[in-house]
$ cat structure_14.cif   # mmCIF, C-alpha atoms
data_coords
loop_
_atom_site.label_atom_id
_atom_site.label_comp_id
_atom_site.auth_asym_id
_atom_site.auth_seq_id
_atom_site.Cartn_x
_atom_site.Cartn_y
_atom_site.Cartn_z
CA MET A 253 0.00 0.00 0.00
CA ASP A 254 1.41 3.42 -0.92
CA ILE A 255 1.79 6.09 1.73
CA MET A 256 -1.11 8.24 0.57
CA SER A 257 -3.42 5.20 0.78
CA GLU A 258 -2.17 4.61 4.32
CA LEU A 259 -2.80 8.25 5.25
CA ARG A 260 -6.29 8.16 3.71
CA ASN A 261 -7.18 5.04 5.65
CA ASN A 262 -6.10 6.72 8.89
CA ILE A 263 -8.72 9.47 8.61
CA VAL A 264 -11.75 7.96 6.85
CA GLY A 265 -14.92 8.50 8.82
CA LYS A 266 -13.29 10.41 11.67
CA GLY A 267 -14.96 13.71 10.89
CA ILE A 268 -11.77 15.75 10.99
CA LYS A 269 -12.60 19.33 10.06
CA ILE A 270 -10.15 21.14 7.77
CA VAL A 271 -10.62 24.79 6.82
CA LEU A 272 -10.16 25.81 3.19
CA PRO A 273 -10.21 29.64 3.20
CA GLU A 274 -10.09 30.06 -0.59
CA GLY A 275 -13.56 28.92 -1.57
CA ASN A 276 -13.66 31.07 -4.70
CA ASP A 277 -10.91 28.97 -6.33
CA ALA A 278 -11.88 26.04 -8.57
CA ARG A 279 -9.02 23.85 -7.32
CA ILE A 280 -10.21 24.24 -3.74
CA VAL A 281 -13.82 23.46 -4.62
CA LEU A 282 -12.85 20.36 -6.61
CA ALA A 283 -10.65 19.05 -3.79
CA ALA A 284 -13.30 19.78 -1.14
CA SER A 285 -15.91 17.93 -3.20
CA LYS A 286 -13.68 14.86 -3.55
CA LEU A 287 -12.73 14.86 0.13
CA ALA A 288 -16.32 15.17 1.35
CA SER A 289 -17.75 12.59 -1.05
CA SER A 290 -15.18 10.00 0.03
CA ASN A 291 -15.75 10.74 3.76
CA MET A 292 -12.08 11.69 4.19
CA VAL A 293 -12.61 14.92 6.07
CA ALA A 294 -15.38 17.43 6.75
CA PRO A 295 -14.21 20.47 4.72
CA ILE A 296 -15.08 23.97 5.89
CA VAL A 297 -15.04 26.21 2.83
CA ILE A 298 -14.65 29.93 3.49
CA GLY A 299 -15.61 32.86 1.28
CA LYS A 300 -18.44 34.97 -0.01
CA LYS A 301 -21.33 32.59 -0.55
CA GLU A 302 -22.16 33.89 -4.02
CA ASP A 303 -18.54 33.50 -5.12
CA ILE A 304 -18.37 29.94 -3.82
CA LEU A 305 -21.64 28.98 -5.49
CA ALA A 306 -20.46 30.53 -8.77
CA THR A 307 -17.27 28.44 -8.56
CA VAL A 308 -19.33 25.33 -7.81
CA ALA A 309 -21.45 26.00 -10.90
CA GLU A 310 -18.35 26.61 -13.01
CA THR A 311 -16.68 23.35 -11.95
CA GLY A 312 -19.76 21.16 -11.82
CA ALA A 313 -18.62 19.94 -8.41
CA SER A 314 -20.83 19.34 -5.40
CA LEU A 315 -20.17 20.70 -1.93
CA ASP A 316 -22.57 18.27 -0.27
CA GLY A 317 -20.97 17.32 3.03
CA CYS A 318 -19.02 20.59 3.21
CA GLN A 319 -19.75 23.47 5.54
CA ILE A 320 -19.75 26.85 3.78
CA ILE A 321 -19.07 29.93 5.90
CA ASP A 322 -19.22 33.53 4.72
CA PRO A 323 -17.28 35.58 7.29
CA GLU A 324 -19.57 38.56 6.68
CA GLU A 325 -22.59 36.49 7.79
CA TYR A 326 -20.97 34.47 10.59
CA ASP A 327 -23.05 34.45 13.77
CA GLY A 328 -20.06 34.02 16.06
CA LEU A 329 -18.11 36.98 14.69
CA GLU A 330 -18.17 39.09 17.87
CA GLU A 331 -16.99 36.17 19.98
CA MET A 332 -14.18 35.62 17.46
CA VAL A 333 -13.20 39.31 17.60
CA ALA A 334 -13.03 39.21 21.40
CA GLU A 335 -10.93 36.05 21.34
CA LEU A 336 -8.51 37.53 18.81
CA VAL A 337 -8.04 40.61 21.01
CA ALA A 338 -7.33 38.31 23.95
CA VAL A 339 -4.88 36.05 22.14
CA ARG A 340 -2.94 38.99 20.68
CA LYS A 341 -2.54 40.45 24.18
CA GLY A 342 -2.72 44.14 23.44
CA LYS A 343 -1.15 43.99 19.98
CA VAL A 344 -4.52 44.57 18.30
CA ASP A 345 -7.61 46.38 19.56
CA GLU A 346 -11.24 45.50 18.88
CA ASP A 347 -11.47 47.55 15.70
CA GLY A 348 -8.23 46.06 14.40
CA ALA A 349 -9.40 42.54 15.23
CA ARG A 350 -12.69 43.13 13.44
CA LYS A 351 -10.77 44.12 10.31
CA LEU A 352 -8.42 41.14 10.58
CA VAL A 353 -11.17 38.53 10.80
CA LYS A 354 -12.57 39.78 7.50
CA ASP A 355 -9.40 38.31 5.99
CA VAL A 356 -10.22 34.68 5.14
CA ASN A 357 -6.88 33.35 6.45
CA TYR A 358 -7.27 35.08 9.82
CA PHE A 359 -10.90 33.98 9.97
CA GLY A 360 -9.98 30.36 9.17
CA THR A 361 -7.08 30.36 11.62
CA MET A 362 -9.39 31.60 14.36
CA LEU A 363 -11.77 28.71 13.67
CA VAL A 364 -8.84 26.35 14.28
CA HIS A 365 -7.68 28.23 17.38
CA MET A 366 -11.18 28.18 18.87
CA GLY A 367 -11.54 24.43 18.36
CA LEU A 368 -14.17 24.73 15.64
CA ALA A 369 -11.83 23.11 13.11
CA ASP A 370 -8.82 20.82 13.34
CA GLY A 371 -6.50 22.34 10.74
CA LEU A 372 -6.20 24.72 7.80
CA VAL A 373 -4.86 24.57 4.24
CA SER A 374 -4.39 27.75 2.22
CA GLY A 375 -2.03 29.29 -0.32
CA ALA A 376 -3.61 28.50 -3.69
CA ILE A 377 -4.18 32.23 -4.22
CA HIS A 378 -2.37 33.68 -1.19
CA SER A 379 1.33 34.08 -0.48
CA THR A 380 3.16 31.89 2.04
CA GLY A 381 3.35 34.89 4.39
CA ASP A 382 -0.40 35.44 4.20
CA THR A 383 -0.96 31.80 5.15
CA ILE A 384 1.67 31.42 7.87
CA ARG A 385 1.47 34.82 9.58
CA PRO A 386 -1.95 34.27 11.21
CA ALA A 387 -0.85 30.82 12.39
CA LEU A 388 2.30 32.18 14.03
CA GLN A 389 0.36 35.00 15.70
CA ILE A 390 -2.65 32.97 16.85
CA ILE A 391 -1.91 29.22 16.96
CA LYS A 392 1.80 29.66 17.75
CA THR A 393 4.47 27.02 18.14
CA LYS A 394 4.31 24.02 20.45
CA PRO A 395 5.89 24.25 23.91
CA GLY A 396 9.63 23.85 23.61
CA VAL A 397 9.62 24.71 19.90
CA SER A 398 10.85 28.15 18.93
CA LYS A 399 10.32 28.07 15.16
CA THR A 400 8.09 26.42 12.62
CA PHE A 401 9.73 24.98 9.53
CA GLY A 402 8.74 23.27 6.30
CA TYR A 403 9.62 19.69 5.38
CA PHE A 404 8.99 17.60 2.28
CA ALA A 405 8.25 13.90 2.08
CA LEU A 406 10.20 12.52 -0.88
CA LEU A 407 8.42 9.41 -2.17
CA LYS A 408 9.33 6.96 -4.93
CA ASP A 409 8.11 3.37 -5.13
CA ASP A 410 8.83 1.92 -1.65
CA THR A 411 11.39 4.60 -0.74
CA ARG A 412 10.48 7.39 1.68
CA TYR A 413 12.62 10.26 2.92
CA ILE A 414 12.07 13.46 4.91
CA PHE A 415 13.94 16.64 3.86
CA ALA A 416 13.95 19.69 6.20
CA ASP A 417 13.95 22.72 6.35
CA CYS A 418 13.16 23.41 2.70
CA ALA A 419 10.69 26.26 3.00
CA VAL A 420 10.87 28.72 5.90
CA ASN A 421 14.13 29.59 7.70
CA PRO A 422 16.99 31.02 5.59
CA ASP A 423 19.82 30.58 8.12
CA PRO A 424 18.87 28.42 11.10
CA SER A 425 21.08 28.32 14.18
CA SER A 426 22.52 25.18 15.76
CA ALA A 427 19.64 25.17 18.24
CA ASP A 428 17.17 25.51 15.37
CA LEU A 429 18.73 22.56 13.54
CA ALA A 430 18.47 20.44 16.67
CA GLU A 431 14.76 21.34 16.95
CA PHE A 432 14.23 20.54 13.26
CA ALA A 433 15.86 17.14 13.78
CA ILE A 434 13.51 16.27 16.65
CA GLU A 435 10.36 17.46 14.88
CA SER A 436 11.42 15.82 11.59
CA ALA A 437 11.86 12.50 13.37
CA THR A 438 8.29 12.82 14.65
CA ALA A 439 7.11 13.70 11.14
CA ALA A 440 8.87 10.66 9.71
CA ARG A 441 6.81 8.34 11.87
CA MET A 442 3.59 9.77 10.39
CA PHE A 443 4.90 8.47 7.06
CA ASN A 444 5.77 5.09 8.64
CA ILE A 445 9.49 5.85 8.53
CA GLU A 446 11.60 4.75 11.50
CA PRO A 447 13.79 7.85 11.68
CA LYS A 448 17.53 7.90 11.24
CA VAL A 449 18.42 11.57 11.15
CA ALA A 450 21.43 13.01 9.34
CA LEU A 451 22.50 16.60 10.03
CA LEU A 452 23.99 17.52 6.67
CA SER A 453 27.04 19.56 5.74
CA PHE A 454 29.87 19.55 3.17
CA SER A 455 31.97 17.89 5.89
CA SER A 456 31.81 14.53 7.65
CA HIS A 457 32.97 14.37 11.27
CA GLY A 458 35.44 17.23 10.99
CA SER A 459 36.83 16.55 7.50
CA ALA A 460 36.50 20.32 7.05
CA ILE A 461 36.26 22.90 9.79
CA THR A 462 34.53 26.20 9.09
CA PRO A 463 31.83 28.20 10.91
CA ALA A 464 29.26 26.53 8.64
CA THR A 465 30.36 22.98 9.49
CA GLU A 466 30.75 23.79 13.17
CA LYS A 467 27.15 25.04 13.26
CA VAL A 468 25.97 21.59 12.19
CA ALA A 469 28.35 19.76 14.52
CA ASP A 470 27.11 21.92 17.38
CA ALA A 471 23.51 20.92 16.57
CA ALA A 472 24.53 17.28 17.04
CA LYS A 473 26.13 18.19 20.37
CA ILE A 474 22.87 19.82 21.49
CA LEU A 475 21.00 16.60 20.66
CA ALA A 476 23.63 14.60 22.54
CA GLY A 477 22.82 16.56 25.68
CA MET A 478 19.14 15.60 25.56
CA ASP A 479 17.58 12.56 27.17
CA ASN A 480 15.24 10.00 25.61
CA LEU A 481 15.19 11.32 22.05
CA GLY A 482 14.04 7.95 20.77
CA PHE A 483 15.79 8.08 17.39
CA ASP A 484 19.28 7.71 15.92
CA TYR A 485 21.05 10.82 14.60
CA ASP A 486 24.49 11.94 13.53
CA GLY A 487 26.25 14.99 12.17
CA GLU A 488 27.87 16.62 10.60
CA LEU A 489 27.62 14.29 7.58
CA GLN A 490 27.97 14.77 3.85
CA PHE A 491 24.97 13.61 1.88
CA ASP A 492 26.74 10.66 0.28
CA ALA A 493 28.04 9.53 3.67
CA ALA A 494 24.53 9.74 5.07
CA LEU A 495 22.87 7.86 2.22
CA VAL A 496 25.34 5.34 0.73
CA GLU A 497 26.43 2.49 2.97
CA SER A 498 29.89 2.03 1.44
CA VAL A 499 30.64 5.76 1.69
CA GLY A 500 29.24 5.94 5.21
CA LYS A 501 31.55 3.13 6.37
CA LEU A 502 34.52 4.97 4.90
CA LYS A 503 33.75 8.49 6.13
CA ALA A 504 31.94 7.79 9.43
CA PRO A 505 32.63 4.16 10.35
CA ASN A 506 31.18 4.31 13.87
CA SER A 507 28.05 6.26 12.98
CA PRO A 508 24.61 4.82 13.82
CA VAL A 509 23.19 6.71 10.84
CA ALA A 510 25.81 6.92 8.06
CA GLY A 511 24.70 4.96 5.01
CA LYS A 512 21.23 4.41 6.50
CA ALA A 513 19.76 7.90 6.90
CA ASN A 514 16.18 8.58 5.87
CA VAL A 515 15.64 12.00 7.47
CA PHE A 516 17.90 14.77 6.20
CA VAL A 517 18.24 18.08 8.02
CA PHE A 518 19.87 20.65 5.75
CA PRO A 519 22.18 23.37 7.13
CA ASP A 520 20.27 26.26 5.55
CA LEU A 521 17.36 27.06 3.28
CA ASN A 522 19.52 27.33 0.15
CA ALA A 523 20.68 23.75 0.57
CA GLY A 524 17.29 22.38 1.58
CA ASN A 525 15.31 23.99 -1.21
CA ILE A 526 17.86 23.08 -3.87
CA GLY A 527 18.21 19.57 -2.48
CA TYR A 528 14.56 18.59 -2.59
CA LYS A 529 14.17 20.04 -6.10
CA ILE A 530 17.15 18.03 -7.37
CA ALA A 531 15.61 14.87 -5.90
CA GLN A 532 12.25 15.76 -7.46
CA ARG A 533 13.41 16.82 -10.91
CA LEU A 534 16.45 14.60 -11.51
CA GLY A 535 15.68 11.74 -9.16
CA GLY A 536 12.03 11.36 -10.10
CA TYR A 537 10.76 11.54 -6.50
CA ASP A 538 7.32 12.87 -5.66
CA ALA A 539 7.85 15.84 -3.35
CA VAL A 540 4.90 16.17 -0.97
CA GLY A 541 4.93 19.50 0.84
CA PRO A 542 6.01 21.82 2.17
CA ILE A 543 4.41 20.53 5.34
CA LEU A 544 4.70 22.89 8.29
CA ALA A 545 5.92 21.42 11.56
CA GLY A 546 6.13 22.75 15.08
CA LEU A 547 2.76 24.52 15.38
CA ASN A 548 0.23 23.77 18.12
CA LYS A 549 -2.33 22.88 15.45
CA PRO A 550 -1.68 22.07 11.79
CA VAL A 551 -1.65 24.77 9.12
CA ASN A 552 -0.23 24.06 5.67
CA ASP A 553 0.68 26.21 2.71
CA LEU A 554 -0.06 25.36 -0.90
CA SER A 555 1.91 26.47 -3.92
CA ARG A 556 0.05 28.99 -6.05
CA GLY A 557 0.84 26.69 -8.97
CA CYS A 558 -0.93 23.75 -7.30
CA VAL A 559 -3.60 21.59 -8.90
CA ALA A 560 -6.68 20.13 -7.24
CA ASP A 561 -4.88 16.84 -6.46
CA ASP A 562 -2.19 18.79 -4.58
CA VAL A 563 -4.89 20.39 -2.45
CA TYR A 564 -6.50 16.99 -1.86
CA ASN A 565 -3.22 15.39 -0.73
CA THR A 566 -2.24 18.34 1.46
CA VAL A 567 -5.59 18.21 3.25
CA ILE A 568 -5.14 14.48 3.86
CA ILE A 569 -1.71 15.10 5.40
CA THR A 570 -3.06 17.99 7.48
CA ALA A 571 -5.85 15.77 8.79
CA ASN A 572 -3.27 13.15 9.77
CA GLN A 573 -1.30 15.82 11.61
CA ALA A 574 -4.48 16.67 13.50
CA LEU A 575 -5.09 13.10 14.65
CA ASP A 576 -4.87 12.91 18.44
CA GLY A 577 -3.65 16.51 18.45
CA ASN A 578 -0.29 15.36 17.05
CA ASN A 579 0.89 18.16 14.80
CA VAL A 580 4.04 16.95 13.03
#
$ encode --input "structure_14.cif" --output "C-alpha cells"
Amino acid sequence: MDIMSELRNNIVGKGIKIVLPEGNDARIVLAASKLASSNMVAPIVIGKKEDILATVAETGASLDGCQIIDPEEYDGLEEMVAELVAVRKGKVDEDGARKLVKDVNYFGTMLVHMGLADGLVSGAIHSTGDTIRPALQIIKTKPGVSKTFGYFALLKDDTRYIFADCAVNPDPSSADLAEFAIESATAARMFNIEPKVALLSFSSHGSAITPATEKVADAAKILAGMDNLGFDYDGELQFDAALVESVGKLKAPNSPVAGKANVFVFPDLNAGNIGYKIAQRLGGYDAVGPILAGLNKPVNDLSRGCVADDVYNTVIITANQALDGNNV
C-alpha cells in the first residue's frame, strides 16, 4: 500500500474538520468535493457565498458534506473578535481585530484556534506569508519549539525520505537545527518511517572545519545533551556519507546513521530547497509538501501553482497531523 493510501485510511470516517479559506478557487472546490464525497474529512469552505456557489457551478462539483461559511454572515463573529483581542494580548484592539477577521486566512485560523476546526490549508491564491502569519500570531508554536519549519516527504516506489527545512528559515542556528531534527523525526513516523536523522554539511565528522560545518556539529552536540530522544542521529555528515552504505563506512565508520539515513536536516534554506528540487526533478521523486511542523495545530501552505490533487493530498496530510492533536 502506498503512503497516501495509508494516510487516507487513517482518517476515513473520523470527521476531521479542515478549513479551506479560498472557496472562490476552482481547485479548492474540486478538492473539497472529492474529500467530502469519500468521507475523508469534513471540509469547511470559506468565502463569499455567491462567489463559492459561482465556482461550484463553473466546476460542476458538489459541496454536499461541506460546511460553507461567509465571514460577513458568521453568527459568532463578535466572539471571534473578542478572542482575537485576547490572544494577541494588546497587539490589536477590537477595531483592528474586526478588520483582521474579515481576511479569510485570519478567519480560518481563528476557527482552528477556537476548536471549531482541526487544521487549515491555504495558499492556492495567497502568499506563504499570508498563510503562515496568522498561524504564528494565533496558533503559535508548540511548547519547547521556537520556530516552525517546512519539510517535504520525498516518495518513490517503496522509498520514503524526509527533507527539512526546505521552506521557511533562511539561516537556522545550531539550536534551530536540533529542533528541526527532533520534529522531523516525529514527522517521519507519520509516514511510517523509522527515523535515522542526518545533520547535513559539506563535511563529515570534521573533514573540514569552518563556521558553517561547526554550526551543524554543534547541533549534534545539542542533541547529545538531551535525554530519551528515541531516534538515531548523527552529524555533521555529507549527503553521500549519510545515504550510501559504502561511503558511510569509509567516512563515518562508527556512525549509527551513516549509510542508513532517511531523514535529512539541511544546514540552511539554500541547501534544503535546492536539495529537494534536485531529488524531485532529476531523481524522479514525488515531493509532498512543504508541510509545516512545530505549530500547536496544523496549518499548511499550498503552492500557487498547485492543482486540485495537490490540495486533496495536502488536506489528507493535514488531517493526519491533526489526529490525536499530534501536529508533526
$ atom_distance --input "structure_14.cif" --atom1 "CA of Val364 (chain A)" --atom2 "CA of Thr307 (chain A)"
24.4 Å
$ residues_around --input "structure_14.cif" --residues "region 460-475 of chain A" --least-positions-apart "5" --cutoff "7 Å" --atoms "only C-alpha atoms" --output "ChimeraX atom specification"
/A:425-427,429-430,451,453,455,486-488,519
$ residues_around --input "structure_14.cif" --residues "Asn525 (chain A)" --least-positions-apart "3" --cutoff "7 Å" --atoms "all atoms listed in the file" --output "list in words"
Cys418, Ala419, Leu521, Asn522, Tyr528 and Lys529 of chain A
$ atom_distance --input "structure_14.cif" --atom1 "CA of Phe454 (chain A)" --atom2 "CA of Tyr537 (chain A)"
22.9 Å
$ atom_distance --input "structure_14.cif" --atom1 "CA of Cys318 (chain A)" --atom2 "CA of Val567 (chain A)"
13.6 Å
$ decode --input "structure_14.cif" --residues "region 456-492 of chain A" --atoms "N, CA and C atoms" --output "JSON list (two decimals), in the first residue's frame"
[["chain", "number", "residue", "atom", "x", "y", "z"],
["A", 456, "SER", "N", 32.21, 15.68, 6.83],
["A", 456, "SER", "CA", 31.81, 14.53, 7.65],
["A", 456, "SER", "C", 32.76, 14.40, 8.83],
["A", 457, "HIS", "N", 32.21, 14.57, 10.03],
["A", 457, "HIS", "CA", 32.97, 14.37, 11.27],
["A", 457, "HIS", "C", 34.30, 15.13, 11.27],
["A", 458, "GLY", "N", 34.24, 16.40, 10.88],
["A", 458, "GLY", "CA", 35.44, 17.23, 10.99],
["A", 458, "GLY", "C", 36.37, 17.16, 9.81],
["A", 459, "SER", "N", 35.95, 16.59, 8.67],
["A", 459, "SER", "CA", 36.83, 16.55, 7.50],
["A", 459, "SER", "C", 37.12, 17.95, 6.97],
["A", 460, "ALA", "N", 36.24, 18.89, 7.27],
["A", 460, "ALA", "CA", 36.50, 20.32, 7.05],
["A", 460, "ALA", "C", 35.98, 21.06, 8.27],
["A", 461, "ILE", "N", 36.67, 22.13, 8.62],
["A", 461, "ILE", "CA", 36.26, 22.90, 9.79],
["A", 461, "ILE", "C", 36.11, 24.36, 9.39],
["A", 462, "THR", "N", 34.87, 24.81, 9.38],
["A", 462, "THR", "CA", 34.53, 26.20, 9.09],
["A", 462, "THR", "C", 33.37, 26.57, 10.01],
["A", 463, "PRO", "N", 33.01, 27.85, 10.10],
["A", 463, "PRO", "CA", 31.83, 28.20, 10.91],
["A", 463, "PRO", "C", 30.57, 27.46, 10.46],
["A", 464, "ALA", "N", 30.45, 27.22, 9.15],
["A", 464, "ALA", "CA", 29.26, 26.53, 8.64],
["A", 464, "ALA", "C", 29.22, 25.07, 9.09],
["A", 465, "THR", "N", 30.36, 24.38, 9.06],
["A", 465, "THR", "CA", 30.36, 22.98, 9.49],
["A", 465, "THR", "C", 30.24, 22.87, 11.00],
["A", 466, "GLU", "N", 30.83, 23.82, 11.71],
["A", 466, "GLU", "CA", 30.75, 23.79, 13.17],
["A", 466, "GLU", "C", 29.32, 24.03, 13.65],
["A", 467, "LYS", "N", 28.57, 24.83, 12.91],
["A", 467, "LYS", "CA", 27.15, 25.04, 13.26],
["A", 467, "LYS", "C", 26.40, 23.71, 13.27],
["A", 468, "VAL", "N", 26.66, 22.88, 12.27],
["A", 468, "VAL", "CA", 25.97, 21.59, 12.19],
["A", 468, "VAL", "C", 26.48, 20.64, 13.26],
["A", 469, "ALA", "N", 27.79, 20.61, 13.46],
["A", 469, "ALA", "CA", 28.35, 19.76, 14.52],
["A", 469, "ALA", "C", 27.81, 20.16, 15.89],
["A", 470, "ASP", "N", 27.65, 21.45, 16.10],
["A", 470, "ASP", "CA", 27.11, 21.92, 17.38],
["A", 470, "ASP", "C", 25.65, 21.49, 17.57],
["A", 471, "ALA", "N", 24.89, 21.42, 16.48],
["A", 471, "ALA", "CA", 23.51, 20.92, 16.57],
["A", 471, "ALA", "C", 23.50, 19.48, 17.06],
["A", 472, "ALA", "N", 24.44, 18.67, 16.57],
["A", 472, "ALA", "CA", 24.53, 17.28, 17.04],
["A", 472, "ALA", "C", 24.90, 17.22, 18.51],
["A", 473, "LYS", "N", 25.77, 18.15, 18.95],
["A", 473, "LYS", "CA", 26.13, 18.19, 20.37],
["A", 473, "LYS", "C", 24.93, 18.56, 21.24],
["A", 474, "ILE", "N", 24.09, 19.46, 20.75],
["A", 474, "ILE", "CA", 22.87, 19.82, 21.49],
["A", 474, "ILE", "C", 21.99, 18.59, 21.65],
["A", 475, "LEU", "N", 21.81, 17.82, 20.59],
["A", 475, "LEU", "CA", 21.00, 16.60, 20.66],
["A", 475, "LEU", "C", 21.62, 15.60, 21.64],
["A", 476, "ALA", "N", 22.95, 15.54, 21.65],
["A", 476, "ALA", "CA", 23.63, 14.60, 22.54],
["A", 476, "ALA", "C", 23.40, 14.92, 24.01],
["A", 477, "GLY", "N", 23.09, 16.16, 24.31],
["A", 477, "GLY", "CA", 22.82, 16.56, 25.68],
["A", 477, "GLY", "C", 21.39, 16.37, 26.12],
["A", 478, "MET", "N", 20.55, 15.82, 25.25],
["A", 478, "MET", "CA", 19.14, 15.60, 25.56],
["A", 478, "MET", "C", 18.89, 14.15, 25.90],
["A", 479, "ASP", "N", 17.92, 13.92, 26.76],
["A", 479, "ASP", "CA", 17.58, 12.56, 27.17],
["A", 479, "ASP", "C", 16.40, 12.02, 26.37],
["A", 480, "ASN", "N", 16.40, 10.72, 26.15],
["A", 480, "ASN", "CA", 15.24, 10.00, 25.61],
["A", 480, "ASN", "C", 14.73, 10.57, 24.29],
["A", 481, "LEU", "N", 15.62, 10.83, 23.36],
["A", 481, "LEU", "CA", 15.19, 11.32, 22.05],
["A", 481, "LEU", "C", 14.40, 10.26, 21.29],
["A", 482, "GLY", "N", 14.80, 9.02, 21.40],
["A", 482, "GLY", "CA", 14.04, 7.95, 20.77],
["A", 482, "GLY", "C", 14.33, 7.75, 19.29],
["A", 483, "PHE", "N", 15.41, 8.32, 18.79],
["A", 483, "PHE", "CA", 15.79, 8.08, 17.39],
["A", 483, "PHE", "C", 17.30, 8.22, 17.26],
["A", 484, "ASP", "N", 17.86, 7.59, 16.22],
["A", 484, "ASP", "CA", 19.28, 7.71, 15.92],
["A", 484, "ASP", "C", 19.52, 8.97, 15.11],
["A", 485, "TYR", "N", 20.67, 9.61, 15.34],
["A", 485, "TYR", "CA", 21.05, 10.82, 14.60],
["A", 485, "TYR", "C", 22.56, 10.86, 14.51],
["A", 486, "ASP", "N", 23.06, 11.68, 13.61],
["A", 486, "ASP", "CA", 24.49, 11.94, 13.53],
["A", 486, "ASP", "C", 24.73, 13.18, 12.69],
["A", 487, "GLY", "N", 25.86, 13.82, 12.93],
["A", 487, "GLY", "CA", 26.25, 14.99, 12.17],
["A", 487, "GLY", "C", 27.53, 15.56, 12.73],
["A", 488, "GLU", "N", 28.28, 16.28, 11.95],
["A", 488, "GLU", "CA", 27.87, 16.62, 10.60],
["A", 488, "GLU", "C", 28.24, 15.50, 9.62],
["A", 489, "LEU", "N", 27.40, 15.31, 8.60],
["A", 489, "LEU", "CA", 27.62, 14.29, 7.58],
["A", 489, "LEU", "C", 27.40, 14.88, 6.19],
["A", 490, "GLN", "N", 28.25, 14.46, 5.25],
["A", 490, "GLN", "CA", 27.97, 14.77, 3.85],
["A", 490, "GLN", "C", 26.82, 13.89, 3.37],
["A", 491, "PHE", "N", 26.15, 14.34, 2.33],
["A", 491, "PHE", "CA", 24.97, 13.61, 1.88],
["A", 491, "PHE", "C", 25.31, 12.19, 1.44],
["A", 492, "ASP", "N", 26.41, 12.02, 0.72],
["A", 492, "ASP", "CA", 26.74, 10.66, 0.28],
["A", 492, "ASP", "C", 27.08, 9.75, 1.46]]
